[in-house]
>>> print(open('query-v2.tsv').read())   # TSV, C-alpha atoms
chain	number	residue	atom	x	y	z
F	1	MET	CA	-149.81	31.67	-40.69
F	2	VAL	CA	-152.74	30.75	-38.42
F	3	ARG	CA	-153.49	34.42	-37.75
F	4	THR	CA	-153.51	35.18	-41.47
F	5	PHE	CA	-155.82	32.24	-42.16
F	6	THR	CA	-158.14	33.23	-39.31
F	7	ALA	CA	-158.26	36.85	-40.45
F	8	THR	CA	-158.94	35.77	-44.04
F	9	LEU	CA	-161.70	33.40	-42.92
F	10	LEU	CA	-163.31	36.10	-40.78
F	11	LEU	CA	-163.20	38.57	-43.67
F	12	ALA	CA	-164.75	35.99	-46.02
F	13	CYS	CA	-167.56	35.33	-43.53
F	14	MET	CA	-168.24	39.04	-43.10
F	15	CYS	CA	-168.36	39.59	-46.85
F	16	ALA	CA	-170.60	36.59	-47.40
F	17	CYS	CA	-172.97	37.79	-44.70
F	18	SER	CA	-173.16	41.35	-45.98
F	19	ARG	CA	-176.43	42.38	-47.45
F	20	GLY	CA	-176.71	41.66	-51.15
F	21	ALA	CA	-179.05	43.38	-53.56
F	22	GLU	CA	-181.95	44.99	-51.71
F	23	GLU	CA	-184.50	43.29	-53.93
F	24	ILE	CA	-183.33	39.89	-52.68
F	25	ALA	CA	-183.59	40.64	-48.96
F	26	ALA	CA	-186.32	43.30	-48.81
F	27	PRO	CA	-189.39	41.04	-48.88
F	28	GLU	CA	-188.12	39.00	-45.93
F	29	ILE	CA	-186.88	41.71	-43.59
F	30	VAL	CA	-188.68	42.07	-40.28
F	31	GLU	CA	-186.74	44.66	-38.30
F	32	PRO	CA	-185.81	43.55	-34.78
F	33	ASP	CA	-186.07	45.80	-31.77
F	34	ALA	CA	-183.24	46.38	-29.30
F	35	ALA	CA	-184.35	43.47	-27.10
F	36	HIS	CA	-184.17	41.03	-30.02
F	37	ILE	CA	-180.76	42.33	-31.06
F	38	ALA	CA	-179.45	41.78	-27.53
F	39	LEU	CA	-181.07	38.34	-27.38
F	40	ALA	CA	-179.45	37.28	-30.66
F	41	GLU	CA	-176.03	38.27	-29.37
F	42	THR	CA	-176.32	36.06	-26.29
F	43	MET	CA	-178.32	32.96	-27.24
F	44	VAL	CA	-176.51	29.63	-27.52
F	45	PRO	CA	-178.04	26.17	-27.89
F	46	ALA	CA	-178.07	24.16	-24.65
F	47	ASP	CA	-176.78	21.05	-26.43
F	48	ALA	CA	-172.96	21.28	-26.58
F	49	GLY	CA	-172.68	19.68	-30.01
F	50	LEU	CA	-175.31	21.95	-31.51
F	51	ALA	CA	-173.71	24.95	-29.79
F	52	ALA	CA	-170.38	24.12	-31.45
F	53	ILE	CA	-172.03	23.95	-34.88
F	54	TYR	CA	-173.94	27.19	-34.23
F	55	ASP	CA	-170.76	29.00	-33.14
F	56	ARG	CA	-168.74	27.96	-36.19
F	57	SER	CA	-171.44	28.05	-38.86
F	58	CYS	CA	-174.40	30.27	-37.90
F	59	ARG	CA	-173.47	32.88	-35.31
F	60	ALA	CA	-171.48	35.14	-37.65
F	61	CYS	CA	-174.62	36.05	-39.61
F	62	HIS	CA	-177.57	35.22	-37.34
F	63	ALA	CA	-176.34	37.01	-34.19
F	64	LEU	CA	-175.49	40.37	-35.75
F	65	ASN	CA	-178.17	42.78	-36.90
F	66	GLY	CA	-178.02	44.35	-40.34
F	67	LEU	CA	-176.48	41.46	-42.28
F	68	GLY	CA	-179.71	40.34	-43.93
F	69	ALA	CA	-180.06	37.07	-42.02
F	70	PRO	CA	-182.92	36.58	-39.56
F	71	LEU	CA	-181.62	37.04	-36.03
F	72	THR	CA	-181.49	34.16	-33.61
F	73	GLY	CA	-184.42	34.52	-31.24
F	74	HIS	CA	-186.36	36.93	-33.47
F	75	SER	CA	-189.39	34.70	-33.95
F	76	ALA	CA	-191.32	37.17	-36.12
F	77	ALA	CA	-188.61	37.09	-38.78
F	78	TRP	CA	-188.49	33.30	-38.68
F	79	GLU	CA	-192.29	32.92	-38.62
F	80	MET	CA	-192.57	34.68	-41.98
F	81	ARG	CA	-190.03	32.28	-43.46
F	82	PHE	CA	-191.91	29.27	-42.09
F	83	GLU	CA	-195.14	30.65	-43.59
F	84	GLN	CA	-193.49	31.26	-46.97
F	85	ARG	CA	-191.40	28.11	-47.31
F	86	GLY	CA	-192.02	25.74	-44.41
F	87	MET	CA	-189.27	23.59	-42.93
F	88	ASP	CA	-188.67	21.76	-46.22
F	89	GLY	CA	-188.28	25.07	-48.04
F	90	LEU	CA	-185.88	26.36	-45.39
F	91	LEU	CA	-183.81	23.19	-45.78
F	92	THR	CA	-183.81	23.70	-49.55
F	93	SER	CA	-182.57	27.26	-49.01
F	94	ILE	CA	-179.75	25.96	-46.83
F	95	HIS	CA	-178.76	23.28	-49.32
F	96	SER	CA	-178.73	25.60	-52.33
F	97	GLY	CA	-177.92	28.89	-50.63
F	98	ARG	CA	-180.13	31.95	-50.49
F	99	GLY	CA	-179.29	35.63	-50.75
F	100	THR	CA	-175.82	35.98	-49.30
F	101	MET	CA	-175.92	32.62	-47.48
F	102	PRO	CA	-173.78	30.10	-49.33
F	103	ALA	CA	-174.94	26.57	-50.06
F	104	MET	CA	-174.87	24.49	-46.87
F	105	GLY	CA	-174.64	27.68	-44.78
F	106	TYR	CA	-170.99	27.22	-43.74
F	107	CYS	CA	-171.67	23.70	-42.50
F	108	PRO	CA	-170.83	21.20	-45.23
F	109	ASP	CA	-170.79	18.34	-42.72
F	110	CYS	CA	-174.21	19.10	-41.18
F	111	THR	CA	-177.11	16.70	-41.60
F	112	ASP	CA	-180.70	17.76	-42.21
F	113	ASP	CA	-181.38	16.88	-38.57
F	114	ASP	CA	-178.62	19.30	-37.53
F	115	PHE	CA	-180.09	22.02	-39.74
F	116	LYS	CA	-183.62	21.40	-38.42
F	117	SER	CA	-182.39	21.63	-34.83
F	118	LEU	CA	-180.48	24.83	-35.60
F	119	ILE	CA	-183.49	26.39	-37.33
F	120	GLU	CA	-185.76	25.45	-34.43
F	121	PHE	CA	-183.26	26.92	-31.96
F	122	MET	CA	-182.80	30.17	-33.90
F	123	ALA	CA	-186.54	30.60	-34.51
F	124	THR	CA	-187.53	30.38	-30.84
F	125	GLU	CA	-187.32	33.41	-28.59
F	126	GLY	CA	-185.63	32.89	-25.29
F	127	GLN	CA	-184.61	29.28	-25.91
F	128	SER	CA	-181.03	28.67	-24.94
>>> encode(input="query-v2.tsv", output="C-alpha cells")
Amino acid sequence: MVRTFTATLLLACMCACSRGAEEIAAPEIVEPDAAHIALAETMVPADAGLAAIYDRSCRACHALNGLGAPLTGHSAAWEMRFEQRGMDGLLTSIHSGRGTMPAMGYCPDCTDDDFKSLIEFMATEGQS
C-alpha cells in the first residue's frame, strides 16, 4: 500500500513538473550549463527545517534540468524572474501556481517566510 502510494505520488510530481506548453515557459528559460546542472543536483539548505521542506516540496522540479523550473543555484535564471516579478511577484506565482507548478508549490503548510527563504536559497549559486 505504501509503495503504491509512493509510486503514485512520484508519478504525479513528475507529471506536474513536466514542461507545459512552450509558450508558457519559453520567455523564462535560461539554459544552464553542465556546472549548474551538477550544482542543482547537490545543493541543500544548511538549515535542517528548510532542507526538509526543500526535499519534499521543491527538489523534484528545481534540481532536475529540463522540467521548466529554474534550477537551484542557477542565479541567471532566477535573476530574470526577480527582474520581471520581484519577490512579491514570485510569492504570488507560488500562491496561485505558474506554468506546471501547482498553487502553493507542493507546500500547503509553508509560510511566506518559508517561501522567501527557499527562493533565496535556490537563487544563490553555491549557497548550501
>>> closest_residue(input="query-v2.tsv", among="F:Ala76, F:Leu91, F:Ala123, F:Ala63", to="Thr42 of chain F", atoms="only C-alpha atoms")
F:Ala63
>>> closest_residue(input="query-v2.tsv", among="F:Leu64, F:Pro70, F:Pro45, F:Met87", to="Glu31 of chain F", atoms="all atoms listed in the file")
F:Pro70
>>> residues_near_point(input="query-v2.tsv", point="(-184.9, 36.6, -29.2)", cutoff="10 Å", atoms="only C-alpha atoms", output="list in words")
Pro32, Asp33, Ala34, Ala35, His36, Ile37, Ala38, Leu39, Ala40, Glu41, Thr42, Met43, Ala63, Leu71, Thr72, Gly73, His74, Ser75, Ala76, Met122, Ala123, Thr124, Glu125, Gly126, Gln127 and Ser128 of chain F
>>> atom_distance(input="query-v2.tsv", atom1="atom CA of Cys107 of chain F", atom2="atom CA of Glu83 of chain F")
24.5 Å
>>> atom_distance(input="query-v2.tsv", atom1="atom CA of Arg85 of chain F", atom2="atom CA of Ala48 of chain F")
28.6 Å
>>> closest_residue(input="query-v2.tsv", among="F:Ser93, F:Asn65, F:Thr100, F:Gln84", to="Phe115 of chain F", atoms="only C-alpha atoms")
F:Ser93
>>> decode(input="query-v2.tsv", residues="segment 69-80 of chain F", atoms="all heavy atoms", output="CSV table (one decimal), in the first residue's frame")
chain,number,residue,atom,x,y,z
F,69,ALA,N,11.3,24.4,-14.6
F,69,ALA,CA,11.5,25.2,-13.4
F,69,ALA,C,13.0,25.7,-13.4
F,69,ALA,O,13.9,25.0,-13.8
F,69,ALA,CB,11.3,24.3,-12.2
F,70,PRO,N,13.2,26.9,-12.8
F,70,PRO,CA,14.6,27.3,-12.7
F,70,PRO,C,15.4,26.4,-11.7
F,70,PRO,O,14.9,26.1,-10.7
F,70,PRO,CB,14.5,28.7,-12.2
F,70,PRO,CG,13.2,28.8,-11.5
F,70,PRO,CD,12.3,27.8,-12.2
F,71,LEU,N,16.6,26.1,-12.1
F,71,LEU,CA,17.4,25.2,-11.3
F,71,LEU,C,17.9,25.9,-10.0
F,71,LEU,O,18.2,27.1,-10.1
F,71,LEU,CB,18.6,24.6,-12.1
F,71,LEU,CG,18.3,23.6,-13.2
F,71,LEU,CD1,19.6,23.2,-13.8
F,71,LEU,CD2,17.6,22.4,-12.6
F,72,THR,N,17.9,25.1,-9.0
F,72,THR,CA,18.6,25.6,-7.7
F,72,THR,C,20.0,25.9,-8.1
F,72,THR,O,20.7,25.1,-8.7
F,72,THR,CB,18.5,24.5,-6.6
F,72,THR,OG1,17.1,24.3,-6.4
F,72,THR,CG2,19.2,25.0,-5.4
F,73,GLY,N,20.4,27.1,-7.6
F,73,GLY,CA,21.8,27.5,-7.9
F,73,GLY,C,22.1,28.2,-9.2
F,73,GLY,O,23.2,28.6,-9.4
F,74,HIS,N,21.1,28.2,-10.1
F,74,HIS,CA,21.3,28.8,-11.4
F,74,HIS,C,20.8,30.3,-11.3
F,74,HIS,O,19.7,30.6,-11.7
F,74,HIS,CB,20.6,28.0,-12.5
F,74,HIS,CG,20.9,28.5,-13.8
F,74,HIS,ND1,19.9,28.4,-14.8
F,74,HIS,CD2,22.0,29.0,-14.4
F,74,HIS,CE1,20.5,28.9,-16.0
F,74,HIS,NE2,21.7,29.2,-15.7
F,75,SER,N,21.7,31.1,-10.8
F,75,SER,CA,21.3,32.5,-10.5
F,75,SER,C,20.8,33.3,-11.7
F,75,SER,O,19.9,34.2,-11.5
F,75,SER,CB,22.5,33.2,-9.8
F,75,SER,OG,23.6,33.3,-10.6
F,76,ALA,N,21.3,33.0,-12.9
F,76,ALA,CA,20.9,33.8,-14.1
F,76,ALA,C,19.4,33.5,-14.3
F,76,ALA,O,18.7,34.5,-14.7
F,76,ALA,CB,21.7,33.4,-15.3
F,77,ALA,N,18.9,32.3,-14.2
F,77,ALA,CA,17.5,32.0,-14.4
F,77,ALA,C,16.7,32.7,-13.3
F,77,ALA,O,15.6,33.2,-13.6
F,77,ALA,CB,17.3,30.5,-14.3
F,78,TRP,N,17.2,32.7,-12.1
F,78,TRP,CA,16.4,33.4,-11.0
F,78,TRP,C,16.4,34.9,-11.1
F,78,TRP,O,15.4,35.6,-10.9
F,78,TRP,CB,16.9,32.9,-9.7
F,78,TRP,CG,16.5,31.5,-9.3
F,78,TRP,CD1,17.3,30.4,-9.5
F,78,TRP,CD2,15.3,31.1,-8.8
F,78,TRP,NE1,16.6,29.3,-9.1
F,78,TRP,CE2,15.3,29.7,-8.7
F,78,TRP,CE3,14.1,31.8,-8.4
F,78,TRP,CZ2,14.3,28.9,-8.2
F,78,TRP,CZ3,13.1,31.0,-7.9
F,78,TRP,CH2,13.1,29.6,-7.8
F,79,GLU,N,17.6,35.4,-11.6
F,79,GLU,CA,17.7,36.9,-11.7
F,79,GLU,C,16.6,37.5,-12.6
F,79,GLU,O,16.0,38.5,-12.3
F,79,GLU,CB,19.1,37.2,-12.2
F,79,GLU,CG,19.4,38.7,-12.3
F,79,GLU,CD,20.8,39.0,-12.7
F,79,GLU,OE1,21.7,38.3,-12.2
F,79,GLU,OE2,21.0,39.9,-13.6
F,80,MET,N,16.4,36.8,-13.7
F,80,MET,CA,15.4,37.2,-14.7
F,80,MET,C,14.0,37.3,-14.0
F,80,MET,O,13.3,38.2,-14.2
F,80,MET,CB,15.4,36.3,-15.9
F,80,MET,CG,14.4,36.8,-17.0
F,80,MET,SD,14.5,36.0,-18.6
F,80,MET,CE,15.3,34.4,-18.2
